[in-house]
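input.cif (mmCIF, C-alpha atoms) appears below.
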```cif
data_coords
#
loop_
_atom_site.group_PDB
_atom_site.id
_atom_site.type_symbol
_atom_site.label_atom_id
_atom_site.label_comp_id
_atom_site.auth_asym_id
_atom_site.auth_seq_id
_atom_site.Cartn_x
_atom_site.Cartn_y
_atom_site.Cartn_z
ATOM 1 C CA MET N 1 -11.385 -16.470 93.169
ATOM 2 C CA PHE N 2 -9.441 -17.840 96.128
ATOM 3 C CA GLN N 3 -9.851 -21.228 97.770
ATOM 4 C CA ASP N 4 -9.345 -22.033 101.453
ATOM 5 C CA ASN N 5 -5.954 -23.566 100.682
ATOM 6 C CA ASP N 6 -4.770 -20.226 99.173
ATOM 7 C CA TYR N 7 -4.839 -18.470 102.550
ATOM 8 C CA GLY N 8 -1.807 -18.371 104.786
ATOM 9 C CA LYS N 9 0.719 -18.336 101.954
ATOM 10 C CA PRO N 10 1.872 -15.913 99.260
ATOM 11 C CA ILE N 11 -0.169 -15.457 96.109
ATOM 12 C CA SER N 12 1.080 -17.254 93.006
ATOM 13 C CA GLU N 13 4.068 -15.881 91.131
ATOM 14 C CA LYS N 14 1.899 -15.526 88.019
ATOM 15 C CA LEU N 15 -0.748 -13.450 89.825
ATOM 16 C CA SER N 16 1.960 -11.351 91.463
ATOM 17 C CA ALA N 17 3.693 -10.588 88.159
ATOM 18 C CA THR N 18 0.417 -9.840 86.387
ATOM 19 C CA LEU N 19 -0.766 -7.488 89.128
ATOM 20 C CA ARG N 20 2.588 -5.674 89.206
ATOM 21 C CA ARG N 21 2.494 -5.230 85.446
ATOM 22 C CA ASN N 22 -1.094 -3.959 85.307
ATOM 23 C CA ALA N 23 -1.721 -2.029 88.545
ATOM 24 C CA THR N 24 -0.251 1.319 89.531
ATOM 25 C CA LYS N 25 0.609 2.806 92.911
ATOM 26 C CA ASN N 26 -2.499 4.947 92.532
ATOM 27 C CA ASP N 27 -4.567 1.790 92.074
ATOM 28 C CA PHE N 28 -3.043 0.388 95.289
ATOM 29 C CA ALA N 29 -3.851 3.630 97.133
ATOM 30 C CA ASN N 30 -7.424 3.834 95.831
ATOM 31 C CA ILE N 31 -8.134 0.252 96.773
ATOM 32 C CA ALA N 32 -6.548 0.737 100.189
ATOM 33 C CA SER N 33 -8.956 3.572 100.928
ATOM 34 C CA ARG N 34 -11.973 1.670 99.580
ATOM 35 C CA SER N 35 -11.180 -1.632 101.298
ATOM 36 C CA ASN N 36 -9.740 -0.378 104.613
ATOM 37 C CA ILE N 37 -6.697 -2.588 103.985
ATOM 38 C CA SER N 38 -3.449 -0.629 104.202
ATOM 39 C CA PHE N 39 -1.434 0.257 101.132
ATOM 40 C CA SER N 40 1.574 -1.521 102.627
ATOM 41 C CA THR N 41 -0.368 -4.733 103.229
ATOM 42 C CA ILE N 42 -1.655 -4.743 99.654
ATOM 43 C CA ARG N 43 1.855 -4.048 98.338
ATOM 44 C CA ASP N 44 3.379 -6.772 100.515
ATOM 45 C CA VAL N 45 0.819 -9.352 99.375
ATOM 46 C CA VAL N 46 1.341 -8.410 95.722
ATOM 47 C CA TYR N 47 5.127 -8.611 96.091
ATOM 48 C CA ARG N 48 4.775 -11.931 97.965
ATOM 49 C CA THR N 49 6.417 -10.735 101.183
ATOM 50 C CA ASN N 50 3.150 -11.158 103.064
ATOM 51 C CA SER N 51 0.675 -14.020 102.903
ATOM 52 C CA LEU N 52 -2.859 -13.866 101.596
ATOM 53 C CA THR N 53 -5.507 -13.850 104.331
ATOM 54 C CA LYS N 54 -9.273 -13.858 104.199
ATOM 55 C CA SER N 55 -9.133 -10.255 105.383
ATOM 56 C CA ASN N 56 -6.674 -8.880 102.820
ATOM 57 C CA SER N 57 -8.054 -11.031 99.994
ATOM 58 C CA LYS N 58 -10.867 -8.495 99.610
ATOM 59 C CA ALA N 59 -8.331 -5.879 98.512
ATOM 60 C CA ILE N 60 -6.463 -8.324 96.271
ATOM 61 C CA LYS N 61 -9.714 -9.240 94.510
ATOM 62 C CA MET N 62 -10.457 -5.540 93.983
ATOM 63 C CA LEU N 63 -6.927 -4.978 92.688
ATOM 64 C CA THR N 64 -7.267 -7.925 90.314
ATOM 65 C CA ARG N 65 -10.428 -6.434 88.809
ATOM 66 C CA THR N 66 -8.702 -3.067 88.414
ATOM 67 C CA ALA N 67 -5.618 -4.665 86.858
ATOM 68 C CA PHE N 68 -7.848 -6.556 84.415
ATOM 69 C CA LYS N 69 -9.513 -3.309 83.332
ATOM 70 C CA ASN N 70 -6.114 -1.644 83.022
ATOM 71 C CA SER N 71 -4.832 -4.497 80.852
ATOM 72 C CA ILE N 72 -7.750 -4.070 78.454
ATOM 73 C CA SER N 73 -7.089 -0.323 78.247
ATOM 74 C CA GLN N 74 -3.387 -0.945 77.633
ATOM 75 C CA LYS N 75 -4.205 -3.442 74.894
ATOM 76 C CA ILE N 76 -6.379 -0.873 73.114
ATOM 77 C CA GLU N 77 -3.639 1.759 73.452
ATOM 78 C CA VAL N 78 -1.043 -0.627 72.008
ATOM 79 C CA GLU N 79 -3.316 -1.468 69.090
ATOM 80 C CA ASN N 80 -3.812 2.240 68.366
ATOM 81 C CA ASP N 81 -0.063 2.865 68.653
ATOM 82 C CA THR N 82 0.611 0.001 66.242
ATOM 83 C CA VAL N 83 -1.739 1.496 63.651
ATOM 84 C CA PHE N 84 -0.128 4.916 64.112
ATOM 85 C CA PHE N 85 3.401 3.529 63.694
ATOM 86 C CA ASP N 86 2.365 1.470 60.700
ATOM 87 C CA GLU N 87 0.855 4.520 59.004
ATOM 88 C CA THR N 88 3.817 6.718 59.930
ATOM 89 C CA LEU N 89 6.462 4.300 58.749
ATOM 90 C CA ASN N 90 4.684 3.461 55.513
ATOM 91 C CA THR N 91 4.151 7.026 54.278
#
```

Could I get this file's structure written as structure tokens?
Amino acid sequence: MFQDNDYGKPISEKLSATLRRNATKNDFANIASRSNISFSTIRDVVYRTNSLTKSNSKAIKMLTRTAFKNSISQKIEVENDTVFFDETLNT
């Protein structure tokens, strides 16, 4: 997922925005406990105030997988909400 030239600098703005949109504070906390990378380090990397390192990249990869799963769940919820609104407004 990350190349050697990604380390030592902030993650991309696109990745940052996508992670912020699709990961919760609880996700950050769960990954912090599973990865042994602090919540604050994960948060700082996501918000681009700390650089990506080989060490903290493990947590960012885990967070990316979680955010991806969350985005799929949100998509399904939105589709269900759309059907509900369509049925409600057209009755």

**Asked** Looking at only C-alpha atoms, which of N:Gln74, N:Leu63, N:Phe68, N:Leu52 is the one that sits closest to N:Ala29?
**Response** N:Leu63

Listed atoms of stretch 39-53 of chain N boxed axis-aligned with 3 Å per side, centre + edges as AutoDock Vina command-line options:
```
--center_x 0.5 --center_y -6.9 --center_z 100.0 --size_x 17.9 --size_y 20.3 --size_z 14.6
```

**Message:** Please determine, counting all atoms listed in the file, which residue among N:Ile11, N:Leu89, N:Ala59, N:Ala17 has the shortest atom-to-atom distance to N:Phe39.
**Reply:** N:Ala59

**Message:** Using Å and a single decimal, report how far atom CA of N:Met62 sits from atom CA of N:Ala32.
**Reply:** 9.7 Å

**Item:** Residues in the PyMOL selection byres ((chain N and resi 12) around 12), expressed as a list in words
**Value:** Phe2, Asp6, Tyr7, Lys9, Pro10, Ile11, Glu13, Lys14, Leu15, Ser16, Ala17, Thr18, Leu19, Val45, Val46, Tyr47, Arg48, Thr49, Asn50, Ser51 and Leu52 of chain N

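Going from atom CA of N:Ser57 over to atom CA of N:Ile72, you cover 22.6 Å.
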
**Item:** Output check: residues returned by the PyMOL selection byres ((chain N and resi 23) around 8), as an NGL selection string
**Value:** :N and (19-22 or 24-25 or 27-28 or 63 or 66-67 or 70)

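Using the PyMOL selection byres ((chain N and resi 35) around 9) on this structure selects Asn30, Ile31, Ala32, Ser33, Arg34, Asn36, Ile37, Ser38, Asn56, Lys58, Ala59 and Met62 of chain N.
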
**Fill in**
Here atom CA of N:Asn5 and atom CA of N:Ser55 stand apart by 14.5 Å

Reconstruct N, CA, C and O atoms of stretch 16-37 of chain N; output as a PDB file, in the frame of the given file.
```pdb
ATOM      1  N   SER N  16       1.112 -12.450  91.012  1.00  0.00           N
ATOM      2  CA  SER N  16       1.960 -11.351  91.463  1.00  0.00           C
ATOM      3  C   SER N  16       2.515 -10.566  90.277  1.00  0.00           C
ATOM      4  O   SER N  16       2.407  -9.337  90.230  1.00  0.00           O
ATOM      5  N   ALA N  17       3.100 -11.254  89.318  1.00  0.00           N
ATOM      6  CA  ALA N  17       3.693 -10.588  88.159  1.00  0.00           C
ATOM      7  C   ALA N  17       2.640  -9.848  87.343  1.00  0.00           C
ATOM      8  O   ALA N  17       2.876  -8.722  86.873  1.00  0.00           O
ATOM      9  N   THR N  18       1.485 -10.456  87.180  1.00  0.00           N
ATOM     10  CA  THR N  18       0.417  -9.840  86.387  1.00  0.00           C
ATOM     11  C   THR N  18      -0.131  -8.599  87.079  1.00  0.00           C
ATOM     12  O   THR N  18      -0.379  -7.575  86.423  1.00  0.00           O
ATOM     13  N   LEU N  19      -0.299  -8.666  88.395  1.00  0.00           N
ATOM     14  CA  LEU N  19      -0.766  -7.488  89.128  1.00  0.00           C
ATOM     15  C   LEU N  19       0.271  -6.366  89.075  1.00  0.00           C
ATOM     16  O   LEU N  19      -0.080  -5.201  88.856  1.00  0.00           O
ATOM     17  N   ARG N  20       1.538  -6.697  89.245  1.00  0.00           N
ATOM     18  CA  ARG N  20       2.588  -5.674  89.206  1.00  0.00           C
ATOM     19  C   ARG N  20       2.663  -5.009  87.840  1.00  0.00           C
ATOM     20  O   ARG N  20       2.910  -3.805  87.740  1.00  0.00           O
ATOM     21  N   ARG N  21       2.424  -5.759  86.806  1.00  0.00           N
ATOM     22  CA  ARG N  21       2.494  -5.230  85.446  1.00  0.00           C
ATOM     23  C   ARG N  21       1.288  -4.346  85.110  1.00  0.00           C
ATOM     24  O   ARG N  21       1.394  -3.420  84.308  1.00  0.00           O
ATOM     25  N   ASN N  22       0.151  -4.618  85.732  1.00  0.00           N
ATOM     26  CA  ASN N  22      -1.094  -3.959  85.307  1.00  0.00           C
ATOM     27  C   ASN N  22      -1.756  -3.068  86.349  1.00  0.00           C
ATOM     28  O   ASN N  22      -2.826  -2.520  86.079  1.00  0.00           O
ATOM     29  N   ALA N  23      -1.149  -2.902  87.516  1.00  0.00           N
ATOM     30  CA  ALA N  23      -1.721  -2.029  88.545  1.00  0.00           C
ATOM     31  C   ALA N  23      -0.677  -0.995  88.955  1.00  0.00           C
ATOM     32  O   ALA N  23       0.505  -1.305  89.063  1.00  0.00           O
ATOM     33  N   THR N  24      -1.136   0.223  89.168  1.00  0.00           N
ATOM     34  CA  THR N  24      -0.251   1.319  89.531  1.00  0.00           C
ATOM     35  C   THR N  24      -0.287   1.573  91.036  1.00  0.00           C
ATOM     36  O   THR N  24      -1.170   1.058  91.745  1.00  0.00           O
ATOM     37  N   LYS N  25       0.625   2.407  91.501  1.00  0.00           N
ATOM     38  CA  LYS N  25       0.609   2.806  92.911  1.00  0.00           C
ATOM     39  C   LYS N  25      -0.691   3.511  93.249  1.00  0.00           C
ATOM     40  O   LYS N  25      -1.215   3.359  94.352  1.00  0.00           O
ATOM     41  N   ASN N  26      -1.207   4.281  92.306  1.00  0.00           N
ATOM     42  CA  ASN N  26      -2.499   4.947  92.532  1.00  0.00           C
ATOM     43  C   ASN N  26      -3.620   3.929  92.695  1.00  0.00           C
ATOM     44  O   ASN N  26      -4.531   4.129  93.504  1.00  0.00           O
ATOM     45  N   ASP N  27      -3.576   2.856  91.920  1.00  0.00           N
ATOM     46  CA  ASP N  27      -4.567   1.790  92.074  1.00  0.00           C
ATOM     47  C   ASP N  27      -4.476   1.185  93.478  1.00  0.00           C
ATOM     48  O   ASP N  27      -5.495   0.974  94.138  1.00  0.00           O
ATOM     49  N   PHE N  28      -3.245   0.927  93.937  1.00  0.00           N
ATOM     50  CA  PHE N  28      -3.043   0.388  95.289  1.00  0.00           C
ATOM     51  C   PHE N  28      -3.658   1.337  96.325  1.00  0.00           C
ATOM     52  O   PHE N  28      -4.367   0.906  97.226  1.00  0.00           O
ATOM     53  N   ALA N  29      -3.371   2.640  96.174  1.00  0.00           N
ATOM     54  CA  ALA N  29      -3.851   3.630  97.133  1.00  0.00           C
ATOM     55  C   ALA N  29      -5.376   3.733  97.115  1.00  0.00           C
ATOM     56  O   ALA N  29      -6.014   3.794  98.179  1.00  0.00           O
ATOM     57  N   ASN N  30      -5.964   3.748  95.931  1.00  0.00           N
ATOM     58  CA  ASN N  30      -7.424   3.834  95.831  1.00  0.00           C
ATOM     59  C   ASN N  30      -8.094   2.623  96.451  1.00  0.00           C
ATOM     60  O   ASN N  30      -9.100   2.749  97.160  1.00  0.00           O
ATOM     61  N   ILE N  31      -7.549   1.465  96.216  1.00  0.00           N
ATOM     62  CA  ILE N  31      -8.134   0.252  96.773  1.00  0.00           C
ATOM     63  C   ILE N  31      -7.919   0.198  98.276  1.00  0.00           C
ATOM     64  O   ILE N  31      -8.799  -0.245  99.021  1.00  0.00           O
ATOM     65  N   ALA N  32      -6.787   0.683  98.736  1.00  0.00           N
ATOM     66  CA  ALA N  32      -6.548   0.737 100.189  1.00  0.00           C
ATOM     67  C   ALA N  32      -7.621   1.575 100.875  1.00  0.00           C
ATOM     68  O   ALA N  32      -8.168   1.166 101.906  1.00  0.00           O
ATOM     69  N   SER N  33      -7.945   2.715 100.295  1.00  0.00           N
ATOM     70  CA  SER N  33      -8.956   3.572 100.928  1.00  0.00           C
ATOM     71  C   SER N  33     -10.356   2.978 100.825  1.00  0.00           C
ATOM     72  O   SER N  33     -11.163   3.141 101.740  1.00  0.00           O
ATOM     73  N   ARG N  34     -10.644   2.267  99.745  1.00  0.00           N
ATOM     74  CA  ARG N  34     -11.973   1.670  99.580  1.00  0.00           C
ATOM     75  C   ARG N  34     -12.157   0.396 100.397  1.00  0.00           C
ATOM     76  O   ARG N  34     -13.274   0.067 100.802  1.00  0.00           O
ATOM     77  N   SER N  35     -11.066  -0.326 100.637  1.00  0.00           N
ATOM     78  CA  SER N  35     -11.180  -1.632 101.298  1.00  0.00           C
ATOM     79  C   SER N  35     -10.819  -1.606 102.780  1.00  0.00           C
ATOM     80  O   SER N  35     -11.038  -2.590 103.483  1.00  0.00           O
ATOM     81  N   ASN N  36     -10.248  -0.489 103.243  1.00  0.00           N
ATOM     82  CA  ASN N  36      -9.740  -0.378 104.613  1.00  0.00           C
ATOM     83  C   ASN N  36      -8.627  -1.379 104.903  1.00  0.00           C
ATOM     84  O   ASN N  36      -8.425  -1.795 106.037  1.00  0.00           O
ATOM     85  N   ILE N  37      -7.910  -1.772 103.863  1.00  0.00           N
ATOM     86  CA  ILE N  37      -6.697  -2.588 103.985  1.00  0.00           C
ATOM     87  C   ILE N  37      -5.551  -1.641 103.621  1.00  0.00           C
ATOM     88  O   ILE N  37      -5.626  -0.941 102.613  1.00  0.00           O
TER      89      ILE N  37
END
```
